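Colleague: Take a look at this one; I'll ask things after.
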Amino acid sequence: MAKNVSLSTLQKVSGHFKTVMEHRREVRRCCFACGLYYQGLTHDLSKYSVQEFSESVKYFQGWRSPYDAERELYGYAPGWLHHKGRNRHHWEYWYDMQKGAYRPIKMPYRYLVESCCDRIAASKVYLKEKYTPASPLEYFLSRPARNYMHPETAAGIEEILRDVAENGEEAAFARIREKLKKQPGHR
Ligand SMILES: [Zn+2]
């Protein structure tokens, strides 16, 4: 969708709905391939909550995240705060006071995997035909976010995305499946 076009409410509702649906479909495919069925089915369901859905429709533009648009206007986006506080596949969820300081907590492996599926799906939707298996890794390495994660979380995400970039999804997902089988309590 082009910049600077004014959209009707109906166009915004259907545009946002379609974006969420396409994103969830691709995340589900990746999660299933990794053996994460429950997470694949429930990924980002909070986007359908009143708080997140109505706000995303209000700031929907079609060429970037509604949260970016809202952040530009008000400095923060309540819908995003709602989202990251409820979705364990976001490293931002894993922060808390420890020994007197606000610090990152190491993400459990199954959520770290879901986060990689999220990154792969988002890169595909964003880059379309320009997407290559190296795109999610390039994005990850080009942003400062990894400096704020738990170091083992950052290393774990990099390892998976590098595997996808160098050996392809199929081989990387097969390795993840094996690793997840050895993790306690995974669904
Ligand atoms: Zn999410």
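Residues are referred to by chain and number: the chain letter is A, B, ... according to the order shown in the structure tokens, the number counts from 1 in that chain, and ligands are numbered separately from 1 in the order shown.
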May I have the residues within 12 Å of ligand 1, computed using only C-alpha atoms and all ligand atoms, as a PyMOL selection string?
Modeller: chain A and resi 20+23-24+27+39-40+42-48+52+79-93+111+114-119+121-122
Colleague: Let me make sure I understand: among A:Val125, A:Ala171, A:Ala134, A:Ile105, which one has the smallest atom-to-atom distance to Pro151 in chain A if we use only C-alpha atoms?
Modeller: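 Closest residue, counting only C-alpha atoms: A:Ile105.
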Colleague: Looking at A:Leu7, A:Met97, A:Ile157, A:Leu41, which one is nearest to Phe60 in chain A, with distances taken over only C-alpha atoms?
Modeller: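 Of A:Leu7, A:Met97, A:Ile157, A:Leu41, the one nearest Phe60 in chain A, counting only C-alpha atoms, is A:Leu7.
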Colleague: Using only C-alpha atoms, which residue out of A:Ala69, A:Met149, A:Ala33, A:Val50 lies closest to Arg175 in chain A?
Modeller: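 With only C-alpha atoms as the atom set, the closest residue is A:Ala33.
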Colleague: Would you please work out which residue, of A:Tyr148, A:Trp63, A:Phe32, A:Tyr74, is nearest to Tyr126 in chain A when using only C-alpha atoms?
Modeller: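 Looking only at the distances to Tyr126 in chain A, the closest residue turns out to be A:Trp63.
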Colleague: Nearest to Ala145 in chain A: which of A:Pro104, A:Pro133, A:Ile176, A:Glu170 is it, counting only C-alpha atoms?
Modeller: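 Of all the options, A:Pro104 lies closest to Ala145 in chain A.
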Colleague: Could you pull out the alpha helix (DSSP H) residues of range 35-73 of chain A from DSSP and send them as a list in words?
Modeller: Tyr37, Tyr38, Gln39, Gly40, Leu41, Thr42, Val50, Gln51, Glu52, Phe53, Ser54, Glu55, Ser56, Val57, Lys58, Pro66, Tyr67, Asp68, Ala69, Glu70, Arg71, Glu72 and Leu73 of chain A
Colleague: Counting only C-alpha atoms, what is within 12 Å of Ser6 in chain A, bar same-chain residues fewer than 5 positions away, as a list in words?
Modeller: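 After dropping sequence-adjacent residues, the list is Met1, Gln11, Lys12, Lys58, Tyr59, Phe60, Gln61 and Gly62 of chain A.
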Colleague: Please save N, CA, C and O atoms of the selected residues as a short mmCIF file (atom, residue, chain, number, x, y, z; two decimals), in the first residue's frame.
Modeller:
data_model
loop_
_atom_site.label_atom_id
_atom_site.label_comp_id
_atom_site.auth_asym_id
_atom_site.auth_seq_id
_atom_site.Cartn_x
_atom_site.Cartn_y
_atom_site.Cartn_z
N MET A 1 0.84 -1.21 0.00
CA MET A 1 0.00 0.00 0.00
C MET A 1 0.87 1.26 0.00
O MET A 1 1.87 1.32 0.71
N GLN A 11 -11.54 -0.34 5.00
CA GLN A 11 -10.26 -0.74 4.39
C GLN A 11 -9.21 -1.02 5.46
O GLN A 11 -8.41 -1.93 5.34
N LYS A 12 -9.23 -0.21 6.52
CA LYS A 12 -8.26 -0.41 7.61
C LYS A 12 -8.54 -1.72 8.35
O LYS A 12 -7.63 -2.48 8.65
N LYS A 58 -6.98 1.72 14.03
CA LYS A 58 -6.95 3.19 14.09
C LYS A 58 -5.69 3.75 13.42
O LYS A 58 -5.74 4.76 12.73
N TYR A 59 -4.55 3.10 13.65
CA TYR A 59 -3.28 3.62 13.11
C TYR A 59 -2.77 2.82 11.91
O TYR A 59 -1.61 2.94 11.54
N PHE A 60 -3.65 2.03 11.32
CA PHE A 60 -3.25 1.20 10.17
C PHE A 60 -2.85 2.06 8.98
O PHE A 60 -3.55 3.00 8.61
N GLN A 61 -1.69 1.77 8.38
CA GLN A 61 -1.26 2.49 7.18
C GLN A 61 -0.98 1.55 6.01
O GLN A 61 -1.00 1.96 4.87
N GLY A 62 -0.67 0.29 6.31
CA GLY A 62 -0.46 -0.69 5.25
C GLY A 62 0.97 -0.85 4.79
O GLY A 62 1.30 -1.82 4.14
#
Colleague: Could you name the residues that touch Phe173 in chain A at 10 Å or less, counting only C-alpha atoms, but leaving out those on the same chain fewer than 3 positions away, as a ChimeraX atom specification?
Modeller: /A:30-35,113,117,160,163-164,168-170,176-179
Colleague: Taking N, CA, C and O atoms for each residue, export the selection above as a CSV table (one decimal), in the first residue's frame.
Modeller:
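To be explicit, this is the file written out as part.csv:
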chain,number,residue,atom,x,y,z
A,30,CYS,N,5.9,-22.5,10.1
A,30,CYS,CA,7.2,-22.6,10.7
A,30,CYS,C,7.2,-23.4,12.0
A,30,CYS,O,8.0,-24.3,12.2
A,31,CYS,N,6.3,-23.0,12.9
A,31,CYS,CA,6.2,-23.6,14.2
A,31,CYS,C,5.9,-25.1,14.1
A,31,CYS,O,6.5,-25.9,14.8
A,32,PHE,N,4.9,-25.4,13.2
A,32,PHE,CA,4.6,-26.8,13.0
A,32,PHE,C,5.8,-27.6,12.5
A,32,PHE,O,6.1,-28.7,13.0
A,33,ALA,N,6.6,-27.0,11.6
A,33,ALA,CA,7.8,-27.7,11.1
A,33,ALA,C,8.8,-27.9,12.2
A,33,ALA,O,9.6,-28.8,12.1
A,34,CYS,N,8.8,-27.1,13.2
A,34,CYS,CA,9.7,-27.2,14.3
A,34,CYS,C,9.1,-28.1,15.4
A,34,CYS,O,9.8,-28.4,16.4
A,35,GLY,N,7.8,-28.5,15.3
A,35,GLY,CA,7.2,-29.4,16.3
A,35,GLY,C,6.5,-28.6,17.4
A,35,GLY,O,6.1,-29.2,18.4
A,113,VAL,N,12.4,-20.2,19.8
A,113,VAL,CA,12.2,-20.8,18.5
A,113,VAL,C,11.0,-20.1,17.9
A,113,VAL,O,11.0,-19.7,16.7
A,117,CYS,N,10.6,-18.0,14.3
A,117,CYS,CA,9.5,-18.2,13.3
A,117,CYS,C,8.8,-16.9,13.0
A,117,CYS,O,8.5,-16.5,11.9
A,160,ILE,N,20.1,-19.9,15.4
A,160,ILE,CA,19.0,-20.4,14.5
A,160,ILE,C,18.9,-19.7,13.2
A,160,ILE,O,18.9,-20.3,12.1
A,163,ASP,N,21.7,-20.6,10.9
A,163,ASP,CA,21.4,-22.0,10.4
A,163,ASP,C,20.5,-21.9,9.2
A,163,ASP,O,20.7,-22.5,8.1
A,164,VAL,N,19.4,-21.1,9.4
A,164,VAL,CA,18.4,-20.9,8.3
A,164,VAL,C,19.1,-20.2,7.1
A,164,VAL,O,18.9,-20.7,5.9
A,168,GLY,N,19.3,-23.4,5.1
A,168,GLY,CA,17.9,-23.5,4.7
A,168,GLY,C,17.0,-23.9,5.8
A,168,GLY,O,17.4,-24.4,6.8
A,169,GLU,N,15.7,-23.5,5.7
A,169,GLU,CA,14.7,-23.8,6.7
A,169,GLU,C,14.6,-25.3,7.1
A,169,GLU,O,14.5,-25.6,8.3
A,170,GLU,N,14.5,-26.1,6.1
A,170,GLU,CA,14.2,-27.5,6.3
A,170,GLU,C,15.3,-28.1,7.3
A,170,GLU,O,14.9,-28.8,8.3
A,176,ILE,N,16.1,-28.1,15.1
A,176,ILE,CA,15.3,-27.6,16.3
A,176,ILE,C,14.4,-28.6,16.8
A,176,ILE,O,14.3,-28.8,18.1
A,177,ARG,N,13.7,-29.4,15.9
A,177,ARG,CA,12.8,-30.5,16.4
A,177,ARG,C,13.5,-31.4,17.3
A,177,ARG,O,13.0,-31.8,18.4
A,178,GLU,N,14.7,-31.8,16.9
A,178,GLU,CA,15.5,-32.8,17.7
A,178,GLU,C,15.8,-32.2,19.1
A,178,GLU,O,15.7,-32.8,20.1
A,179,LYS,N,16.2,-30.9,19.1
A,179,LYS,CA,16.6,-30.2,20.3
A,179,LYS,C,15.4,-30.1,21.2
A,179,LYS,O,15.5,-30.2,22.4
Colleague: Give the strand (DSSP E or B) residues of range 79-180 of chain A, as assigned by DSSP on the backbone, as a list in words.
Modeller: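 DSSP on the backbone gives strand (DSSP E or B) at Tyr95, Asp96, Met97, Gln98, Ala101, Tyr102, Arg103 and Pro104 of chain A.
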